[in-house]
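Structure data (mmCIF, N, CA, C and O atoms) from start05.cif:
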data_model
loop_
_atom_site.label_atom_id
_atom_site.label_comp_id
_atom_site.auth_asym_id
_atom_site.auth_seq_id
_atom_site.Cartn_x
_atom_site.Cartn_y
_atom_site.Cartn_z
N MET U 1 105.94 92.82 87.79
CA MET U 1 106.28 93.07 89.18
C MET U 1 106.51 94.56 89.43
O MET U 1 106.01 95.10 90.39
N ILE U 2 107.27 95.24 88.55
CA ILE U 2 107.59 96.65 88.77
C ILE U 2 106.32 97.49 88.79
O ILE U 2 106.21 98.43 89.58
N ASP U 3 105.36 97.16 87.95
CA ASP U 3 104.13 97.95 87.91
C ASP U 3 103.28 97.78 89.16
O ASP U 3 102.35 98.54 89.40
N GLN U 4 103.60 96.81 90.00
CA GLN U 4 102.87 96.59 91.24
C GLN U 4 103.57 97.20 92.46
O GLN U 4 103.02 97.17 93.56
N LEU U 5 104.76 97.74 92.27
CA LEU U 5 105.48 98.36 93.39
C LEU U 5 104.75 99.62 93.84
O LEU U 5 104.17 100.34 93.03
N THR U 6 104.80 99.86 95.14
CA THR U 6 104.19 101.06 95.71
C THR U 6 105.22 101.81 96.54
O THR U 6 106.28 101.27 96.89
N ARG U 7 104.89 103.02 96.85
CA ARG U 7 105.75 103.83 97.70
C ARG U 7 106.01 103.12 99.03
O ARG U 7 107.12 103.14 99.56
N ALA U 8 105.01 102.46 99.57
CA ALA U 8 105.13 101.75 100.84
C ALA U 8 106.18 100.64 100.78
O ALA U 8 106.82 100.34 101.79
N ASP U 9 106.39 100.04 99.61
CA ASP U 9 107.41 99.00 99.49
C ASP U 9 108.80 99.51 99.84
O ASP U 9 109.65 98.76 100.28
N PHE U 10 109.02 100.80 99.63
CA PHE U 10 110.33 101.39 99.90
C PHE U 10 110.38 102.11 101.24
O PHE U 10 111.46 102.46 101.71
N GLU U 11 109.24 102.32 101.86
CA GLU U 11 109.20 103.00 103.16
C GLU U 11 109.23 102.03 104.33
O GLU U 11 109.61 102.40 105.43
N GLN U 12 108.83 100.81 104.11
CA GLN U 12 108.78 99.83 105.20
C GLN U 12 110.18 99.36 105.53
O GLN U 12 110.97 99.09 104.63
N PRO U 13 110.49 99.26 106.82
CA PRO U 13 111.80 98.73 107.17
C PRO U 13 111.93 97.29 106.70
O PRO U 13 110.96 96.56 106.61
N GLY U 14 113.11 96.90 106.37
CA GLY U 14 113.31 95.54 105.92
C GLY U 14 114.77 95.21 105.77
O GLY U 14 115.13 94.22 105.16
N GLY U 15 115.61 96.06 106.28
CA GLY U 15 117.04 95.82 106.16
C GLY U 15 117.63 96.58 104.99
O GLY U 15 116.95 97.31 104.30
N PRO U 16 118.91 96.38 104.76
CA PRO U 16 119.59 97.14 103.72
C PRO U 16 119.17 96.72 102.32
O PRO U 16 118.67 95.62 102.10
N MET U 17 119.39 97.62 101.39
CA MET U 17 119.15 97.36 99.98
C MET U 17 120.48 97.58 99.27
O MET U 17 121.29 98.40 99.71
N TRP U 18 120.75 96.86 98.20
CA TRP U 18 122.01 97.00 97.49
C TRP U 18 121.76 97.25 96.02
O TRP U 18 120.80 96.75 95.44
N ILE U 19 122.70 98.00 95.42
CA ILE U 19 122.77 98.13 93.97
C ILE U 19 123.87 97.19 93.52
O ILE U 19 124.96 97.18 94.10
N VAL U 20 123.60 96.41 92.50
CA VAL U 20 124.62 95.54 91.93
C VAL U 20 125.38 96.37 90.90
O VAL U 20 124.82 96.76 89.87
N ALA U 21 126.63 96.68 91.19
CA ALA U 21 127.46 97.50 90.31
C ALA U 21 127.84 96.71 89.06
O ALA U 21 127.78 95.47 89.06
N PRO U 22 128.26 97.41 88.00
CA PRO U 22 128.63 96.72 86.76
C PRO U 22 129.72 95.66 86.95
O PRO U 22 129.75 94.66 86.23
N ASP U 23 130.59 95.84 87.95
CA ASP U 23 131.66 94.86 88.18
C ASP U 23 131.19 93.69 89.05
O ASP U 23 131.96 92.81 89.39
N GLY U 24 129.91 93.69 89.42
CA GLY U 24 129.36 92.60 90.22
C GLY U 24 129.38 92.85 91.72
O GLY U 24 128.80 92.10 92.48
N SER U 25 130.05 93.93 92.16
CA SER U 25 130.07 94.23 93.58
C SER U 25 128.71 94.77 94.01
O SER U 25 127.88 95.16 93.19
N ARG U 26 128.49 94.79 95.31
CA ARG U 26 127.22 95.28 95.85
C ARG U 26 127.46 96.55 96.64
O ARG U 26 128.28 96.57 97.55
N LEU U 27 126.73 97.60 96.30
CA LEU U 27 126.86 98.88 96.98
C LEU U 27 125.64 99.08 97.87
O LEU U 27 124.51 99.08 97.37
N PRO U 28 125.82 99.27 99.17
CA PRO U 28 124.67 99.48 100.04
C PRO U 28 124.05 100.85 99.81
O PRO U 28 124.77 101.84 99.63
N VAL U 29 122.74 100.90 99.79
CA VAL U 29 122.02 102.18 99.67
C VAL U 29 120.90 102.21 100.69
O VAL U 29 120.40 101.17 101.13
N THR U 30 120.53 103.42 101.07
CA THR U 30 119.41 103.60 101.98
C THR U 30 118.38 104.50 101.31
O THR U 30 118.72 105.32 100.46
N VAL U 31 117.14 104.34 101.70
CA VAL U 31 116.08 105.20 101.19
C VAL U 31 116.12 106.49 102.01
O VAL U 31 115.89 106.48 103.22
N ALA U 32 116.43 107.60 101.34
CA ALA U 32 116.49 108.90 102.01
C ALA U 32 115.12 109.55 102.08
O ALA U 32 114.79 110.21 103.06
N GLU U 33 114.33 109.37 101.03
CA GLU U 33 112.97 109.94 101.01
C GLU U 33 112.17 109.31 99.88
O GLU U 33 112.72 108.75 98.95
N THR U 34 110.87 109.42 100.02
CA THR U 34 109.94 109.04 98.96
C THR U 34 108.94 110.18 98.82
O THR U 34 108.71 110.93 99.78
N ARG U 35 108.35 110.30 97.64
CA ARG U 35 107.31 111.32 97.47
C ARG U 35 106.35 110.90 96.37
O ARG U 35 106.72 110.18 95.45
N ASN U 36 105.12 111.35 96.52
CA ASN U 36 104.10 111.09 95.51
C ASN U 36 104.32 112.01 94.32
O ASN U 36 104.78 113.15 94.48
N LEU U 37 103.96 111.54 93.15
CA LEU U 37 104.01 112.34 91.92
C LEU U 37 102.59 112.49 91.39
O LEU U 37 101.67 111.83 91.87
N THR U 38 102.42 113.34 90.39
CA THR U 38 101.11 113.57 89.80
C THR U 38 100.64 112.31 89.06
O THR U 38 101.40 111.73 88.27
N PRO U 39 99.41 111.86 89.33
CA PRO U 39 98.89 110.66 88.64
C PRO U 39 98.91 110.81 87.13
O PRO U 39 98.80 111.91 86.59
N THR U 40 99.08 109.69 86.46
CA THR U 40 99.09 109.65 85.00
C THR U 40 98.09 108.58 84.55
O THR U 40 97.66 107.75 85.36
N PRO U 41 97.74 108.57 83.27
CA PRO U 41 96.85 107.51 82.79
C PRO U 41 97.46 106.11 82.98
O PRO U 41 96.75 105.13 83.15
N GLN U 42 98.79 106.02 82.96
CA GLN U 42 99.46 104.74 83.10
C GLN U 42 99.57 104.27 84.55
O GLN U 42 99.66 103.08 84.81
N ARG U 43 99.59 105.21 85.48
CA ARG U 43 99.78 104.83 86.88
C ARG U 43 99.01 105.79 87.78
O ARG U 43 99.28 106.97 87.80
N ALA U 44 98.09 105.25 88.55
CA ALA U 44 97.24 106.06 89.42
C ALA U 44 98.00 106.67 90.59
O ALA U 44 97.66 107.74 91.08
N HIS U 45 99.06 105.98 91.06
CA HIS U 45 99.80 106.44 92.22
C HIS U 45 101.31 106.43 91.95
O HIS U 45 102.05 105.65 92.54
N PRO U 46 101.77 107.31 91.04
CA PRO U 46 103.20 107.35 90.76
C PRO U 46 103.97 107.93 91.95
O PRO U 46 103.41 108.69 92.76
N PHE U 47 105.24 107.56 92.04
CA PHE U 47 106.06 108.03 93.16
C PHE U 47 107.53 108.02 92.77
O PHE U 47 107.90 107.44 91.75
N SER U 48 108.33 108.70 93.58
CA SER U 48 109.77 108.65 93.38
C SER U 48 110.43 108.23 94.68
O SER U 48 109.88 108.41 95.77
N VAL U 49 111.61 107.67 94.53
CA VAL U 49 112.40 107.21 95.67
C VAL U 49 113.79 107.83 95.52
O VAL U 49 114.41 107.71 94.46
N ILE U 50 114.26 108.49 96.57
CA ILE U 50 115.62 109.02 96.60
C ILE U 50 116.46 108.07 97.45
O ILE U 50 116.10 107.78 98.60
N LEU U 51 117.54 107.59 96.87
CA LEU U 51 118.45 106.68 97.55
C LEU U 51 119.77 107.40 97.84
O LEU U 51 120.16 108.29 97.07
N GLU U 52 120.43 107.02 98.91
CA GLU U 52 121.77 107.52 99.20
C GLU U 52 122.70 106.34 99.32
O GLU U 52 122.37 105.32 99.94
N GLY U 53 123.88 106.49 98.71
CA GLY U 53 124.87 105.43 98.74
C GLY U 53 126.27 105.98 98.92
O GLY U 53 126.45 107.19 99.12
N PRO U 54 127.27 105.12 98.82
CA PRO U 54 128.65 105.53 99.02
C PRO U 54 129.09 106.62 98.03
O PRO U 54 128.54 106.72 96.93
N ALA U 55 130.09 107.40 98.43
CA ALA U 55 130.61 108.49 97.60
C ALA U 55 131.26 107.98 96.32
O ALA U 55 131.36 108.71 95.34
N ALA U 56 131.70 106.76 96.30
CA ALA U 56 132.32 106.19 95.10
C ALA U 56 131.98 104.71 95.07
O ALA U 56 131.84 104.09 96.12
N PRO U 57 131.81 104.16 93.91
CA PRO U 57 131.87 104.79 92.61
C PRO U 57 130.55 105.48 92.27
O PRO U 57 129.50 105.11 92.79
N LEU U 58 130.62 106.46 91.39
CA LEU U 58 129.42 107.10 90.86
C LEU U 58 128.87 106.19 89.78
O LEU U 58 129.56 105.85 88.82
N LEU U 59 127.63 105.75 89.95
CA LEU U 59 127.00 104.89 88.95
C LEU U 59 126.25 105.74 87.93
O LEU U 59 125.57 106.70 88.30
N ALA U 60 126.38 105.39 86.68
CA ALA U 60 125.76 106.14 85.59
C ALA U 60 124.26 105.94 85.55
O ALA U 60 123.73 104.95 86.07
N GLN U 61 123.59 106.88 84.91
CA GLN U 61 122.16 106.74 84.65
C GLN U 61 121.93 105.48 83.83
O GLN U 61 122.68 105.20 82.89
N GLY U 62 120.91 104.72 84.19
CA GLY U 62 120.60 103.52 83.43
C GLY U 62 119.93 102.48 84.29
O GLY U 62 119.58 102.73 85.45
N ILE U 63 119.76 101.31 83.74
CA ILE U 63 119.13 100.20 84.45
C ILE U 63 120.19 99.49 85.29
O ILE U 63 121.25 99.12 84.78
N HIS U 64 119.88 99.35 86.56
CA HIS U 64 120.77 98.69 87.51
C HIS U 64 119.99 97.62 88.26
O HIS U 64 118.80 97.77 88.50
N GLY U 65 120.69 96.58 88.64
CA GLY U 65 120.09 95.54 89.46
C GLY U 65 120.09 95.97 90.91
O GLY U 65 121.07 96.51 91.42
N PHE U 66 118.97 95.76 91.58
CA PHE U 66 118.83 96.06 93.01
C PHE U 66 118.48 94.77 93.73
O PHE U 66 117.72 93.96 93.21
N LEU U 67 119.02 94.63 94.90
CA LEU U 67 118.65 93.50 95.76
C LEU U 67 117.90 94.08 96.95
O LEU U 67 118.46 94.81 97.76
N HIS U 68 116.62 93.81 97.00
CA HIS U 68 115.73 94.34 98.04
C HIS U 68 115.47 93.21 99.04
O HIS U 68 115.23 92.07 98.64
N PRO U 69 115.51 93.52 100.36
CA PRO U 69 115.38 92.46 101.35
C PRO U 69 114.07 91.67 101.30
O PRO U 69 114.04 90.49 101.62
N ARG U 70 112.98 92.29 100.87
CA ARG U 70 111.70 91.59 100.81
C ARG U 70 111.29 91.24 99.38
O ARG U 70 110.62 90.25 99.15
N LEU U 71 111.68 92.06 98.43
CA LEU U 71 111.19 91.90 97.06
C LEU U 71 112.15 91.13 96.16
O LEU U 71 111.80 90.80 95.03
N GLY U 72 113.36 90.87 96.63
CA GLY U 72 114.33 90.15 95.81
C GLY U 72 115.02 91.06 94.81
O GLY U 72 115.21 92.25 95.05
N ARG U 73 115.36 90.53 93.67
CA ARG U 73 116.08 91.30 92.64
C ARG U 73 115.09 92.10 91.80
O ARG U 73 114.08 91.57 91.32
N LEU U 74 115.43 93.37 91.61
CA LEU U 74 114.65 94.28 90.78
C LEU U 74 115.60 94.97 89.81
O LEU U 74 116.65 95.48 90.24
N ASP U 75 115.28 95.03 88.55
CA ASP U 75 116.07 95.80 87.59
C ASP U 75 115.33 97.11 87.35
O ASP U 75 114.23 97.12 86.78
N LEU U 76 115.95 98.21 87.83
CA LEU U 76 115.27 99.51 87.84
C LEU U 76 116.13 100.58 87.17
O LEU U 76 117.36 100.54 87.26
N PHE U 77 115.46 101.55 86.56
CA PHE U 77 116.14 102.68 85.94
C PHE U 77 116.46 103.70 87.03
O PHE U 77 115.57 104.15 87.75
N MET U 78 117.72 104.07 87.13
CA MET U 78 118.19 104.95 88.19
C MET U 78 118.95 106.13 87.58
O MET U 78 119.67 105.97 86.58
N VAL U 79 118.80 107.31 88.20
CA VAL U 79 119.48 108.51 87.75
C VAL U 79 120.26 109.11 88.92
O VAL U 79 119.69 109.34 89.99
N PRO U 80 121.57 109.37 88.74
CA PRO U 80 122.30 110.08 89.79
C PRO U 80 121.83 111.53 89.82
O PRO U 80 121.64 112.15 88.77
N ILE U 81 121.58 112.07 91.02
CA ILE U 81 121.06 113.44 91.11
C ILE U 81 121.92 114.38 91.94
O ILE U 81 121.58 115.54 92.09
N GLY U 82 123.04 113.91 92.48
CA GLY U 82 123.91 114.81 93.21
C GLY U 82 124.47 114.19 94.47
O GLY U 82 124.42 112.97 94.67
N ARG U 83 124.97 115.05 95.33
CA ARG U 83 125.58 114.63 96.58
C ARG U 83 124.81 115.20 97.77
O ARG U 83 124.21 116.25 97.68
N ASN U 84 124.92 114.48 98.86
CA ASN U 84 124.42 114.95 100.16
C ASN U 84 125.58 114.70 101.13
O ASN U 84 125.73 113.59 101.63
N GLY U 85 126.40 115.72 101.32
CA GLY U 85 127.60 115.54 102.12
C GLY U 85 128.54 114.58 101.42
O GLY U 85 128.89 114.78 100.26
N ASN U 86 128.91 113.51 102.09
CA ASN U 86 129.82 112.53 101.49
C ASN U 86 129.07 111.33 100.90
O ASN U 86 129.67 110.29 100.68
N ARG U 87 127.79 111.48 100.63
CA ARG U 87 126.98 110.40 100.06
C ARG U 87 126.47 110.82 98.68
O ARG U 87 126.15 111.99 98.45
N LEU U 88 126.38 109.87 97.76
CA LEU U 88 125.78 110.12 96.45
C LEU U 88 124.29 109.85 96.53
O LEU U 88 123.84 108.95 97.25
N ARG U 89 123.52 110.64 95.78
CA ARG U 89 122.06 110.49 95.76
C ARG U 89 121.63 110.05 94.36
O ARG U 89 122.16 110.52 93.36
N TYR U 90 120.66 109.14 94.35
CA TYR U 90 120.10 108.61 93.11
C TYR U 90 118.58 108.68 93.21
O TYR U 90 118.03 108.64 94.30
N GLU U 91 117.92 108.75 92.05
CA GLU U 91 116.46 108.78 92.07
C GLU U 91 115.90 107.66 91.19
O GLU U 91 116.41 107.39 90.11
N LEU U 92 114.85 107.06 91.70
CA LEU U 92 114.04 106.08 90.97
C LEU U 92 112.66 106.69 90.82
O LEU U 92 112.10 107.20 91.79
N ILE U 93 112.10 106.65 89.62
CA ILE U 93 110.75 107.18 89.39
C ILE U 93 109.87 106.06 88.86
O ILE U 93 110.24 105.35 87.93
N PHE U 94 108.72 105.94 89.48
CA PHE U 94 107.74 104.92 89.09
C PHE U 94 106.49 105.65 88.61
O PHE U 94 105.70 106.16 89.41
N ASN U 95 106.34 105.75 87.28
CA ASN U 95 105.17 106.46 86.74
C ASN U 95 104.54 105.69 85.63
O ASN U 95 104.69 105.32 84.70
#
Show me the file's structure as structure tokens.
Amino acid sequence: MIDQLTRADFEQPGGPMWIVAPDGSRLPVTVAETRNLTPTPQRAHPFSVILEGPAAPLLAQGIHGFLHPRLGRLDLFMVPIGRNGNRLRYELIFN
């Protein structure tokens, strides 16, 4: 399933998306931006997704469960990349 995801899957409106925190709570996140990456032999159309979520808690780099309104549950590798005002930013890379 993950290898079939496209940038458009994250750009289309579909309601909120959540990260399932280690304690089982759900943190709402929004897609702040998406961008194309350089093609690789493994993926012709790689892309990244920048998410913004609440200022706390800061979630560590690693695999997190996501609940997507159209795609259901996705287990994705996420990296915290900083703050944007009072929001935390995370990046997902699909390559």
Inset, instruction - Could you jot down the atom CA of U:Gly82 to atom CA of U:Val29 separation for me, Å, one decimal place? - result: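 Taking atom CA of U:Gly82 and atom CA of U:Val29, their separation equals 14.3 Å.
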Inset, instruction - Please determine the residues with any atom at most 10 Å from (120.6, 102.5, 100.9) (coordinates as given in the file, with only C-alpha atoms counting) and report them as a list of chain:residue names. - result: U:Gly15, U:Pro16, U:Met17, U:Trp18, U:Ile19, U:Leu27, U:Pro28, U:Val29, U:Thr30, U:Val31, U:Ala32, U:Ile50, U:Leu51, U:Glu52, U:Gly53, U:Pro54, U:His68, U:Arg89, U:Tyr90
Inset, instruction - Could you give me, as a list in words, the residues within 8 Å of U:Ala21, counting all atoms listed in the file and dropping anything in the same chain fewer than 6 positions from it? - result: Leu27, Leu59, His64, Gly65 and Phe66 of chain U
Any chance you could export the current selection's N, CA, C and O atoms as a compact mmCIF listing (two decimals), in the coordinates of the input?
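The result, written out as part.txt:
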# COMPACT_ATOMS: atom_id res chain seq x y z
N LEU U 27 126.73 97.60 96.30
CA LEU U 27 126.86 98.88 96.98
C LEU U 27 125.64 99.08 97.87
O LEU U 27 124.51 99.08 97.37
N LEU U 59 127.63 105.75 89.95
CA LEU U 59 127.00 104.89 88.95
C LEU U 59 126.25 105.74 87.93
O LEU U 59 125.57 106.70 88.30
N HIS U 64 119.88 99.35 86.56
CA HIS U 64 120.77 98.69 87.51
C HIS U 64 119.99 97.62 88.26
O HIS U 64 118.80 97.77 88.50
N GLY U 65 120.69 96.58 88.64
CA GLY U 65 120.09 95.54 89.46
C GLY U 65 120.09 95.97 90.91
O GLY U 65 121.07 96.51 91.42
N PHE U 66 118.97 95.76 91.58
CA PHE U 66 118.83 96.06 93.01
C PHE U 66 118.48 94.77 93.73
O PHE U 66 117.72 93.96 93.21
Legend entry - strand (DSSP E) residues, from DSSP on the backbone, in chain U, as a ChimeraX atom specification: /U:17-20,26-36,47-53,62-68,72-84,87-94
Inset, instruction - Report the distance between atom N of U:Ile63 and atom CA of U:Leu92 in Å, rounded to one decimal place. - result: 10.4 Å
Inset, instruction - Could you list the residues chosen by the PyMOL selection byres ((chain U and resi 10) around 8) in this structure as a ChimeraX atom specification? - result: /U:5-9,11-15,30-34,49-50
Could you write those residues out with N, CA, C and O atoms, as an mmCIF file, in the coordinates of the input?
data_model
loop_
_atom_site.group_PDB
_atom_site.id
_atom_site.type_symbol
_atom_site.label_atom_id
_atom_site.label_comp_id
_atom_site.auth_asym_id
_atom_site.auth_seq_id
_atom_site.Cartn_x
_atom_site.Cartn_y
_atom_site.Cartn_z
ATOM 1 N N LEU U 5 104.760 97.740 92.270
ATOM 2 C CA LEU U 5 105.480 98.360 93.390
ATOM 3 C C LEU U 5 104.750 99.620 93.840
ATOM 4 O O LEU U 5 104.170 100.340 93.030
ATOM 5 N N THR U 6 104.800 99.860 95.140
ATOM 6 C CA THR U 6 104.190 101.060 95.710
ATOM 7 C C THR U 6 105.220 101.810 96.540
ATOM 8 O O THR U 6 106.280 101.270 96.890
ATOM 9 N N ARG U 7 104.890 103.020 96.850
ATOM 10 C CA ARG U 7 105.750 103.830 97.700
ATOM 11 C C ARG U 7 106.010 103.120 99.030
ATOM 12 O O ARG U 7 107.120 103.140 99.560
ATOM 13 N N ALA U 8 105.010 102.460 99.570
ATOM 14 C CA ALA U 8 105.130 101.750 100.840
ATOM 15 C C ALA U 8 106.180 100.640 100.780
ATOM 16 O O ALA U 8 106.820 100.340 101.790
ATOM 17 N N ASP U 9 106.390 100.040 99.610
ATOM 18 C CA ASP U 9 107.410 99.000 99.490
ATOM 19 C C ASP U 9 108.800 99.510 99.840
ATOM 20 O O ASP U 9 109.650 98.760 100.280
ATOM 21 N N GLU U 11 109.240 102.320 101.860
ATOM 22 C CA GLU U 11 109.200 103.000 103.160
ATOM 23 C C GLU U 11 109.230 102.030 104.330
ATOM 24 O O GLU U 11 109.610 102.400 105.430
ATOM 25 N N GLN U 12 108.830 100.810 104.110
ATOM 26 C CA GLN U 12 108.780 99.830 105.200
ATOM 27 C C GLN U 12 110.180 99.360 105.530
ATOM 28 O O GLN U 12 110.970 99.090 104.630
ATOM 29 N N PRO U 13 110.490 99.260 106.820
ATOM 30 C CA PRO U 13 111.800 98.730 107.170
ATOM 31 C C PRO U 13 111.930 97.290 106.700
ATOM 32 O O PRO U 13 110.960 96.560 106.610
ATOM 33 N N GLY U 14 113.110 96.900 106.370
ATOM 34 C CA GLY U 14 113.310 95.540 105.920
ATOM 35 C C GLY U 14 114.770 95.210 105.770
ATOM 36 O O GLY U 14 115.130 94.220 105.160
ATOM 37 N N GLY U 15 115.610 96.060 106.280
ATOM 38 C CA GLY U 15 117.040 95.820 106.160
ATOM 39 C C GLY U 15 117.630 96.580 104.990
ATOM 40 O O GLY U 15 116.950 97.310 104.300
ATOM 41 N N THR U 30 120.530 103.420 101.070
ATOM 42 C CA THR U 30 119.410 103.600 101.980
ATOM 43 C C THR U 30 118.380 104.500 101.310
ATOM 44 O O THR U 30 118.720 105.320 100.460
ATOM 45 N N VAL U 31 117.140 104.340 101.700
ATOM 46 C CA VAL U 31 116.080 105.200 101.190
ATOM 47 C C VAL U 31 116.120 106.490 102.010
ATOM 48 O O VAL U 31 115.890 106.480 103.220
ATOM 49 N N ALA U 32 116.430 107.600 101.340
ATOM 50 C CA ALA U 32 116.490 108.900 102.010
ATOM 51 C C ALA U 32 115.120 109.550 102.080
ATOM 52 O O ALA U 32 114.790 110.210 103.060
ATOM 53 N N GLU U 33 114.330 109.370 101.030
ATOM 54 C CA GLU U 33 112.970 109.940 101.010
ATOM 55 C C GLU U 33 112.170 109.310 99.880
ATOM 56 O O GLU U 33 112.720 108.750 98.950
ATOM 57 N N THR U 34 110.870 109.420 100.020
ATOM 58 C CA THR U 34 109.940 109.040 98.960
ATOM 59 C C THR U 34 108.940 110.180 98.820
ATOM 60 O O THR U 34 108.710 110.930 99.780
ATOM 61 N N VAL U 49 111.610 107.670 94.530
ATOM 62 C CA VAL U 49 112.400 107.210 95.670
ATOM 63 C C VAL U 49 113.790 107.830 95.520
ATOM 64 O O VAL U 49 114.410 107.710 94.460
ATOM 65 N N ILE U 50 114.260 108.490 96.570
ATOM 66 C CA ILE U 50 115.620 109.020 96.600
ATOM 67 C C ILE U 50 116.460 108.070 97.450
ATOM 68 O O ILE U 50 116.100 107.780 98.600
#
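If you measure from each of U:Leu88, U:Val79, U:Met1, U:Leu74 to U:Ser48 using only C-alpha atoms, the closest one turns out to be U:Val79.
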Inset, instruction - Take the point (104.5, 112.5, 86.5) in the file's coordinates, draw a sphere of radius 10 Å around it, and report as a ChimeraX atom specification every protein, DNA or RNA residue with an atom inside or on it, counting only C-alpha atoms. - result: /U:36-43,45-48,93-95
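Taking atom N of U:Gly62 and atom CA of U:Met78 as endpoints, the distance between them is 4.8 Å.
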Inset, instruction - Could you check which of U:Leu67, U:Glu91, U:Leu58, U:Arg35 is closest to U:Val20, using all atoms listed in the file? - result: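 The shortest atom-to-atom distance to U:Val20 comes from U:Leu67.
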Inset, instruction - Would you please extract all helix (DSSP H, G or I) residues from chain U, as assigned by DSSP on the backbone, and give them as JSON, numbers by chain? - result: {"U": [2, 3, 4, 7, 8, 9, 10, 11]}
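Take the candidates U:Ile2, U:Ala56, U:Gly24, U:Ala44 and check each one against U:Leu76 using only C-alpha atoms; the shortest distance goes to U:Ile2.
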Produce the centre coordinates and the three edge lengths, each in Å to one decimal, of the box along x, y and z that contains all listed atoms of stretch 15-20 of chain U with 5 Å added on each side, as lines of an AutoDock Vina configuration file.
center_x = 120.5
center_y = 97.0
center_z = 98.1
size_x = 19.8
size_y = 12.9
size_z = 26.4
Kindly write N, CA and C atoms of stretch 30-47 of chain U from the structure just given to a file, as a PDB file, in the first residue's frame.
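Written file, out_30.pdb:
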ATOM      1  N   THR U  30      -2.104  18.588  10.078  1.00  0.00           N
ATOM      2  CA  THR U  30      -2.521  19.070   8.768  1.00  0.00           C
ATOM      3  C   THR U  30      -1.331  19.002   7.823  1.00  0.00           C
ATOM      4  N   VAL U  31      -1.625  18.870   6.552  1.00  0.00           N
ATOM      5  CA  VAL U  31      -0.574  18.879   5.536  1.00  0.00           C
ATOM      6  C   VAL U  31      -0.236  20.334   5.256  1.00  0.00           C
ATOM      7  N   ALA U  32       0.997  20.733   5.581  1.00  0.00           N
ATOM      8  CA  ALA U  32       1.441  22.104   5.357  1.00  0.00           C
ATOM      9  C   ALA U  32       1.958  22.288   3.942  1.00  0.00           C
ATOM     10  N   GLU U  33       2.632  21.261   3.422  1.00  0.00           N
ATOM     11  CA  GLU U  33       3.151  21.329   2.050  1.00  0.00           C
ATOM     12  C   GLU U  33       3.561  19.942   1.581  1.00  0.00           C
ATOM     13  N   THR U  34       3.643  19.807   0.284  1.00  0.00           N
ATOM     14  CA  THR U  34       4.188  18.607  -0.340  1.00  0.00           C
ATOM     15  C   THR U  34       5.169  19.076  -1.412  1.00  0.00           C
ATOM     16  N   ARG U  35       6.130  18.222  -1.737  1.00  0.00           N
ATOM     17  CA  ARG U  35       7.054  18.579  -2.822  1.00  0.00           C
ATOM     18  C   ARG U  35       7.598  17.316  -3.466  1.00  0.00           C
ATOM     19  N   ASN U  36       7.907  17.442  -4.739  1.00  0.00           N
ATOM     20  CA  ASN U  36       8.515  16.336  -5.479  1.00  0.00           C
ATOM     21  C   ASN U  36       9.981  16.222  -5.107  1.00  0.00           C
ATOM     22  N   LEU U  37      10.501  15.014  -5.145  1.00  0.00           N
ATOM     23  CA  LEU U  37      11.919  14.751  -4.920  1.00  0.00           C
ATOM     24  C   LEU U  37      12.510  14.167  -6.196  1.00  0.00           C
ATOM     25  N   THR U  38      13.824  14.041  -6.233  1.00  0.00           N
ATOM     26  CA  THR U  38      14.504  13.490  -7.396  1.00  0.00           C
ATOM     27  C   THR U  38      14.161  12.002  -7.555  1.00  0.00           C
ATOM     28  N   PRO U  39      13.755  11.585  -8.758  1.00  0.00           N
ATOM     29  CA  PRO U  39      13.424  10.167  -8.984  1.00  0.00           C
ATOM     30  C   PRO U  39      14.589   9.246  -8.644  1.00  0.00           C
ATOM     31  N   THR U  40      14.245   8.050  -8.211  1.00  0.00           N
ATOM     32  CA  THR U  40      15.240   7.032  -7.881  1.00  0.00           C
ATOM     33  C   THR U  40      14.880   5.750  -8.635  1.00  0.00           C
ATOM     34  N   PRO U  41      15.792   4.796  -8.694  1.00  0.00           N
ATOM     35  CA  PRO U  41      15.446   3.524  -9.334  1.00  0.00           C
ATOM     36  C   PRO U  41      14.278   2.820  -8.626  1.00  0.00           C
ATOM     37  N   GLN U  42      14.120   3.056  -7.328  1.00  0.00           N
ATOM     38  CA  GLN U  42      13.061   2.408  -6.569  1.00  0.00           C
ATOM     39  C   GLN U  42      11.702   3.090  -6.722  1.00  0.00           C
ATOM     40  N   ARG U  43      11.718   4.385  -7.016  1.00  0.00           N
ATOM     41  CA  ARG U  43      10.449   5.119  -7.089  1.00  0.00           C
ATOM     42  C   ARG U  43      10.564   6.215  -8.141  1.00  0.00           C
ATOM     43  N   ALA U  44       9.714   6.148  -9.142  1.00  0.00           N
ATOM     44  CA  ALA U  44       9.750   7.107 -10.250  1.00  0.00           C
ATOM     45  C   ALA U  44       9.296   8.506  -9.828  1.00  0.00           C
ATOM     46  N   HIS U  45       8.398   8.584  -8.831  1.00  0.00           N
ATOM     47  CA  HIS U  45       7.848   9.869  -8.417  1.00  0.00           C
ATOM     48  C   HIS U  45       7.920  10.024  -6.897  1.00  0.00           C
ATOM     49  N   PRO U  46       9.139  10.130  -6.345  1.00  0.00           N
ATOM     50  CA  PRO U  46       9.256  10.302  -4.901  1.00  0.00           C
ATOM     51  C   PRO U  46       8.774  11.694  -4.483  1.00  0.00           C
ATOM     52  N   PHE U  47       8.351  11.795  -3.227  1.00  0.00           N
ATOM     53  CA  PHE U  47       7.835  13.070  -2.733  1.00  0.00           C
ATOM     54  C   PHE U  47       7.987  13.137  -1.222  1.00  0.00           C
TER      55      PHE U  47
END
